[in-house]
Structures are given as structure tokens and as C-alpha cells.
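File shown: upload_19.txt. Contents: compact mmCIF, C-alpha atoms.
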# COMPACT_ATOMS: atom_id res chain seq x y z
CA GLY A 1 -40.08 4.53 2.25
CA TYR A 2 -42.17 2.16 0.20
CA GLU A 3 -44.00 0.52 3.07
CA GLY A 4 -44.54 3.77 4.95
CA ALA A 5 -46.41 5.40 2.05
CA THR A 6 -50.05 4.31 1.97
CA LEU A 7 -52.35 4.46 -1.02
CA GLU A 8 -54.21 7.28 0.73
CA ASP A 9 -50.94 9.23 1.08
CA LEU A 10 -50.24 8.85 -2.63
CA GLN A 11 -53.75 9.84 -3.60
CA GLY A 12 -53.49 12.92 -1.40
CA VAL A 13 -50.31 14.29 -2.96
CA MET A 14 -51.87 13.74 -6.39
CA GLY A 15 -54.81 15.97 -5.65
CA ASN A 16 -56.99 13.41 -3.88
CA ILE A 17 -57.58 11.34 -6.98
CA SER A 18 -59.84 8.32 -6.62
CA PRO A 19 -58.45 4.78 -6.29
CA PRO A 20 -59.74 3.82 -9.77
CA SER A 21 -57.96 6.83 -11.26
CA PHE A 22 -54.74 5.89 -9.44
CA TYR A 23 -54.78 2.30 -10.67
CA HIS A 24 -55.72 3.41 -14.18
CA ALA A 25 -52.72 5.76 -14.28
CA PHE A 26 -50.08 3.59 -12.62
CA GLY A 27 -51.38 0.04 -12.43
CA SER A 28 -50.23 -0.53 -8.85
CA LYS A 29 -48.31 1.01 -6.00
CA GLU A 30 -45.23 -1.03 -6.94
CA SER A 31 -45.39 0.12 -10.57
CA LEU A 32 -45.45 3.74 -9.36
CA PHE A 33 -42.52 2.98 -7.06
CA ARG A 34 -40.49 1.60 -9.94
CA GLU A 35 -41.22 4.70 -12.01
CA ALA A 36 -40.08 6.86 -9.10
CA VAL A 37 -36.85 4.86 -8.78
CA ASP A 38 -36.09 5.23 -12.50
CA LEU A 39 -36.77 8.97 -12.35
CA TYR A 40 -34.52 9.30 -9.30
CA VAL A 41 -31.69 7.46 -11.07
CA SER A 42 -32.03 9.68 -14.13
CA ASN A 43 -32.33 13.05 -12.38
CA VAL A 44 -30.20 12.51 -9.28
CA GLY A 45 -27.71 9.90 -10.44
CA GLY A 46 -27.28 11.38 -13.91
CA PRO A 47 -24.84 14.21 -13.05
CA SER A 48 -22.56 12.03 -10.93
CA THR A 49 -22.60 9.22 -13.50
CA ARG A 50 -21.68 11.64 -16.29
CA ALA A 51 -18.90 13.10 -14.16
CA LEU A 52 -17.44 9.63 -13.62
CA GLU A 53 -17.59 8.72 -17.29
CA GLU A 54 -16.50 12.04 -18.79
CA SER A 55 -13.62 13.02 -16.47
CA ALA A 56 -10.16 12.97 -18.02
CA THR A 57 -8.93 10.32 -15.56
CA ALA A 58 -10.56 7.63 -13.47
CA ARG A 59 -9.34 9.26 -10.27
CA GLU A 60 -10.86 12.59 -11.24
CA GLY A 61 -14.06 10.74 -12.07
CA VAL A 62 -14.24 9.06 -8.68
CA ASP A 63 -13.45 12.37 -6.97
CA ALA A 64 -16.29 14.09 -8.83
CA LEU A 65 -18.65 11.17 -8.17
CA LEU A 66 -18.12 11.37 -4.41
CA ARG A 67 -18.17 15.19 -4.21
CA ILE A 68 -21.42 15.50 -6.16
CA THR A 69 -22.99 12.80 -4.01
CA VAL A 70 -21.95 14.51 -0.76
CA ARG A 71 -23.40 17.84 -1.93
CA PHE A 72 -26.70 16.26 -2.95
CA LEU A 73 -27.10 14.23 0.23
CA SER A 74 -26.51 17.23 2.49
CA ARG A 75 -28.63 19.95 0.87
CA PRO A 76 -30.06 22.30 3.51
CA GLY A 77 -33.80 21.99 3.92
CA LYS A 78 -34.08 18.87 1.75
CA ALA A 79 -34.75 15.26 2.62
CA GLN A 80 -31.56 13.57 3.79
CA GLY A 81 -30.32 10.18 2.66
CA CYS A 82 -30.48 8.20 -0.55
CA PHE A 83 -33.78 6.89 -1.92
CA LEU A 84 -32.01 3.91 -3.52
CA VAL A 85 -30.48 2.87 -0.19
CA ARG A 86 -33.35 3.59 2.19
CA GLY A 87 -36.43 3.31 -0.01
CA ALA A 88 -37.25 -0.30 0.83
CA ILE A 89 -35.18 -2.03 3.52
CA ASN A 90 -36.18 -5.39 5.03
CA ALA A 91 -39.59 -5.23 3.39
CA ALA A 92 -42.34 -7.71 4.16
CA SER A 93 -42.68 -10.64 1.79
CA ALA A 94 -45.66 -8.99 0.11
CA ASN A 95 -43.43 -6.03 -0.82
CA LYS A 96 -40.35 -8.01 -1.86
CA GLY A 97 -40.78 -6.91 -5.47
CA ALA A 98 -40.03 -3.30 -4.55
CA GLN A 99 -37.05 -4.31 -2.41
CA ASP A 100 -35.61 -6.50 -5.17
CA TYR A 101 -36.01 -3.70 -7.72
CA LEU A 102 -33.93 -1.40 -5.55
CA LEU A 103 -31.31 -4.12 -5.11
CA VAL A 104 -30.96 -4.56 -8.87
CA THR A 105 -30.77 -0.79 -9.30
CA ARG A 106 -28.04 -0.40 -6.66
CA GLN A 107 -25.95 -3.07 -8.37
CA ARG A 108 -25.49 -0.73 -11.32
CA ALA A 109 -23.07 1.36 -9.26
CA PRO A 110 -20.20 -1.16 -8.91
CA ARG A 111 -20.66 -2.23 -12.54
CA GLY A 112 -20.47 1.36 -13.78
CA ILE A 113 -17.41 2.16 -11.69
CA LYS A 114 -15.69 -1.04 -12.80
CA ALA A 115 -16.36 -0.18 -16.45
CA ARG A 116 -14.64 3.19 -15.93
CA PHE A 117 -11.66 1.48 -14.27
CA ASP A 118 -11.43 -1.09 -17.07
CA ARG A 119 -11.29 1.78 -19.54
CA ALA A 120 -8.52 3.40 -17.48
CA VAL A 121 -6.55 0.15 -17.67
CA ALA A 122 -7.03 -0.03 -21.45
CA GLU A 123 -5.87 3.60 -21.77
CA GLY A 124 -2.77 2.97 -19.65
CA GLU A 125 -3.82 5.13 -16.71
CA LEU A 126 -4.08 2.17 -14.33
CA PRO A 127 -1.79 -0.89 -14.22
CA SER A 128 -3.06 -3.99 -15.98
CA ASP A 129 -2.70 -6.28 -12.97
CA ILE A 130 -5.07 -4.52 -10.56
CA ASP A 131 -8.40 -6.09 -9.64
CA THR A 132 -10.77 -3.46 -11.02
CA GLY A 133 -13.79 -5.30 -9.63
CA SER A 134 -12.51 -5.15 -6.07
CA VAL A 135 -11.57 -1.47 -6.30
CA ALA A 136 -14.96 -0.67 -7.81
CA ALA A 137 -16.69 -2.59 -5.01
CA PHE A 138 -14.82 -0.49 -2.45
CA TYR A 139 -15.90 2.83 -3.96
CA ALA A 140 -19.48 1.63 -4.53
CA THR A 141 -19.63 0.66 -0.85
CA VAL A 142 -18.41 4.11 0.16
CA LEU A 143 -20.91 5.73 -2.20
CA GLN A 144 -23.89 3.83 -0.81
CA GLY A 145 -22.60 4.18 2.74
CA LEU A 146 -22.72 7.96 2.32
CA GLY A 147 -26.42 7.64 1.55
CA MET A 148 -27.06 5.62 4.69
CA ARG A 149 -25.05 7.99 6.90
CA ALA A 150 -26.80 11.03 5.47
CA GLY A 151 -30.17 9.46 6.26
CA ASP A 152 -28.99 9.02 9.85
CA GLY A 153 -28.33 12.76 10.06
CA ALA A 154 -24.58 12.95 9.39
CA SER A 155 -23.35 16.46 8.61
CA ARG A 156 -21.88 17.56 5.32
CA ALA A 157 -18.48 17.86 7.02
CA SER A 158 -18.72 14.26 8.21
CA LEU A 159 -19.70 13.00 4.75
CA LYS A 160 -16.89 15.00 3.15
CA ALA A 161 -14.38 13.51 5.60
CA ALA A 162 -15.49 10.02 4.58
CA ALA A 163 -15.07 10.92 0.89
CA ASP A 164 -11.62 12.36 1.59
CA GLY A 165 -10.61 9.12 3.30
CA ALA A 166 -11.79 7.06 0.36
CA LEU A 167 -9.79 9.18 -2.06
CA ALA A 168 -6.71 8.89 0.16
CA ALA A 169 -6.88 5.14 -0.44
CA TRP A 170 -6.64 5.59 -4.23
CA GLU A 171 -2.87 5.06 -4.56
CA PRO A 172 -2.57 1.85 -2.51
CA LEU A 173 -5.71 0.44 -4.12
CA THR A 174 -4.70 1.12 -7.70
CA SER A 175 -0.94 0.50 -7.63
CA SER A 176 0.34 -2.58 -9.40
CA ALA A 177 0.50 -5.85 -7.50
CA GLY A 178 4.25 -6.07 -8.16
CA GLY A 179 4.79 -2.64 -6.68
CA ARG A 180 2.80 -3.54 -3.58
CA ARG A 181 4.90 -6.67 -3.06
CA ARG A 182 8.13 -4.72 -3.39
CA ARG A 183 6.98 -2.16 -0.85
CA SER A 184 5.81 -4.80 1.61
CA VAL A 185 9.18 -6.58 1.70
CA ARG A 186 11.74 -4.11 2.97
CA PRO A 187 15.25 -5.07 4.16
CA ARG A 188 15.85 -4.50 7.82
CA SER A 189 18.15 -1.65 8.65
CA ARG A 190 21.36 -2.44 10.47
CA SER A 191 20.08 -0.72 13.59
CA SER A 192 17.03 -3.02 13.68
CA ARG A 193 19.00 -6.23 13.43
CA LYS A 194 19.49 -8.02 16.71
CA ARG A 195 23.09 -8.39 17.73
CA ARG A 196 24.15 -11.48 19.54
CA PRO A 197 25.72 -10.70 22.91
CA ARG A 198 29.43 -11.35 23.02
CA LEU A 199 30.45 -14.10 25.39
CA PRO A 200 33.56 -13.69 27.56
CA PRO A 201 36.53 -15.73 26.36
CA ALA A 202 36.84 -19.18 27.89
CA PRO A 203 39.56 -19.42 30.56
CA THR A 204 42.74 -21.08 29.40
CA GLN A 205 44.25 -23.87 31.50
CA GLY A 206 47.94 -23.68 32.25
CA PRO A 207 50.23 -26.67 32.92
CA ARG A 208 49.06 -28.79 35.84
CA HIS A 209 51.21 -28.64 39.01
CA PRO A 210 52.44 -32.08 40.01
CA HIS A 211 50.91 -31.62 43.49
CA SER A 212 47.65 -29.91 42.40
CA ASP A 213 45.55 -32.95 43.35
CA LEU A 214 46.85 -33.09 46.88
Spell out the structure here as C-alpha cells.
Amino acid sequence: GYEGATLEDLQGVMGNISPPSFYHAFGSKESLFREAVDLYVSNVGGPSTRALEESATAREGVDALLRITVRFLSRPGKAQGCFLVRGAINAASANKGAQDYLLVTRQRAPRGIKARFDRAVAEGELPSDIDTGSVAAFYATVLQGLGMRAGDGASRASLKAAADGALAAWEPLTSSAGGRRRRSVRPRSRSSRKRRPRLPPAPTQGPRHPHSDL
């Protein structure tokens, strides 16, 4: 992460360059971090973003987005987790600039997914009355949650199961509001209706005997 990497660490992986050479090339540690984030977004996020945008349908796009992400996050022998999610978490106030840059970068995900859903609505694939922002927020949360789980050591099978569950929610999330209301209000079957117990008939009184009060 950002705070765990010291200037000496960075100099070492660059061939033990001197501090003046480092600052001449990058300006600061945070500037280098921002360049690394942008490169990560381009190289790692590029294929999944293109798959989302170029798929024939929004559902196929979300499917491809999640599958590509699962494969990347669980590559054997590679670092696990997502740099955008775990690169700078709860940073000290002196490093807040790096943390904020990651936050702004992560916010691109729900906006990009929402834009694809809005296009699907315009093309007639999705109903016009769905809340595309809410659905996009759901899938962006799943996407970034995969990165956190992978960093915690979750297996590829576990990540894939989470993606499968998110895709199983597609139909209820993207059906029209009117359709959801109709499905939620179902008439009770006759067998489920409570029947009132039948009371025995009231006894009938016959003619009083003239000596019945004796």
C-alpha cells in the first residue's frame, strides 16, 4: 500500500537511484502513486471496461465485467486483491491526498455501469422505470467487494460464487416497477383462506308447560 512503501523501497526497485533523481523524475511519492493508479486503471481496468461497454446487452456486459475481474484477482502466483480498493485505506492525514485520489478513481465504476444501463434503457433492453443508479451501485459494490475479498485470500471458486449470486439478482433488479408490484400482491388461494368454524344451531324453545315453573 501507499503508506507501507518507503522512499527507500521505491528507490531500490528503480535501481537504487538517488533521492534527487527520484524527485526530479516524479516530483513526489504521491505523484508517483497517482501515475501508478492511472496505469493500473488503463491496463487492468481497460479490458473489463471495454467488455461492459461493447457487449451486445447490458446483462452480458455485467457478466463479462465480473468474470474478467474474478480471473484477474485470482491469478496463481500473482498479488491478490485490487490496488484501487486496498492501495490506501484509512491513511494518516499527511497521506490523505493519495487516499482521496483512490476514492475519486473508485467512483468511476458506478458511473460507468450506470451509463451502460442508461444506454440499455434508451435501446429498449431495460424498462424505463428502473432506477439505473441503484442497480449500478449494487454491481459496483459487488465489483469492489471482490477486490477486498481477494486481498483477504478468498479462492477463485469463492469469488466466482459471489459473481454468480450477483448475476442471479439481475432479473429482480432490472424488472419494471409495475411488474414487481404485480408479483408482490398475489391473491390468496382458497386453501390458505381461514374458514370460520361453524357454530351449532341454537336450541329452539317449544311451548311452555303451564306447570313448568312449579
Near segment 117-127 of chain A, counting all atoms listed in the file, which residues have an atom at most 8 Å away, once you skip same-chain residues fewer than 6 positions from it, shown as a PyMOL selection string?
chain A and resi 57-58+136+174-176
Between A:Ser31, A:Thr141, A:Ser55, A:Ser74, which one has atoms that come closest to Tyr101 of chain A, using only C-alpha atoms?
A:Ser31
Leaving out segment 164-171 of chain A and any residue of its chain fewer than 5 positions from it, which residues lie within 12 Å of it when counting all atoms listed in the file, given as a PyMOL selection string?
chain A and resi 58-67+70+117+126-127+130+135-136+138-143+145-146+157-159+176-177+179-180
Let me make sure I understand: among A:Thr69, A:Ala161, A:Arg111, A:Ile89, which one has the smallest atom-to-atom distance to Gln144 of chain A if we use all atoms listed in the file?
A:Thr69
What separation in Å, quoted to one decimal, exists between atom CA of Gly97 of chain A and atom CA of Tyr2 of chain A?
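Computed distance, atom CA of Gly97 of chain A to atom CA of Tyr2 of chain A, equals 10.8 Å.
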Segment 80-180 of chain A near segment 3-11 of chain A within 12 Å: what's each residue's closest atom pair and its distance in Å to one decimal, counting all atoms listed in the file, ordered by chain then ascending residue number, as a tab-separated table?
residue	atom	partner	partner_atom	distance
A:Arg86	CA	A:Glu3	CA	11.1
A:Gly87	CA	A:Glu3	CA	8.6
A:Ala88	CA	A:Glu3	CA	7.2
A:Ile89	CA	A:Glu3	CA	9.2
A:Asn90	CA	A:Glu3	CA	10.0
A:Ala91	CA	A:Glu3	CA	7.3
A:Ala92	CA	A:Glu3	CA	8.5
A:Ser93	CA	A:Glu3	CA	11.3
A:Ala94	CA	A:Glu3	CA	10.1
A:Asn95	CA	A:Glu3	CA	7.6
A:Lys96	CA	A:Glu3	CA	10.5
A:Gly97	CA	A:Glu3	CA	11.8
A:Ala98	CA	A:Glu3	CA	9.4
A:Gln99	CA	A:Glu3	CA	10.1
Would you mind reading off the distance between atom CA of Ala150 of chain A and atom CA of Val41 of chain A, one decimal, in Å?
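It comes out at 17.6 Å.
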Could you work out how far atom CA of Thr132 of chain A lies from atom CA of Val104 of chain A, giving the answer in Å with one decimal?
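Between atom CA of Val104 of chain A and atom CA of Thr132 of chain A the gap works out to 20.3 Å.
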For segment 96-101 of chain A, what centre and edge lengths in Å (one decimal) does the axis-aligned box get once 4 Å is added on each side of all its listed atoms, as lines of an AutoDock Vina configuration file?
center_x = -38.2
center_y = -5.7
center_z = -4.8
size_x = 13.2
size_y = 12.7
size_z = 13.9
From the list A:Asn43, A:Ser155, A:Thr49, A:Gln80, which residue is nearest Ile68 of chain A when using all atoms listed in the file?
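Using all atoms listed in the file, the shortest distance to Ile68 of chain A belongs to A:Thr49.
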Here is a test: counting all atoms listed in the file, which residue of A:Arg156, A:Gly77, A:Ala109, A:Ser21 is nearest to Gly46 of chain A?
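Closest residue, counting all atoms listed in the file: A:Ala109.
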Using only C-alpha atoms, which of the listed residues (A:Ala51, A:Met14, A:Met148, A:Ala162) sits closest to Ile113 of chain A?
A:Ala51
For Ala137 of chain A, the closest of A:Gly45, A:Pro19, A:Ala25, A:Lys114 counting only C-alpha atoms is A:Lys114
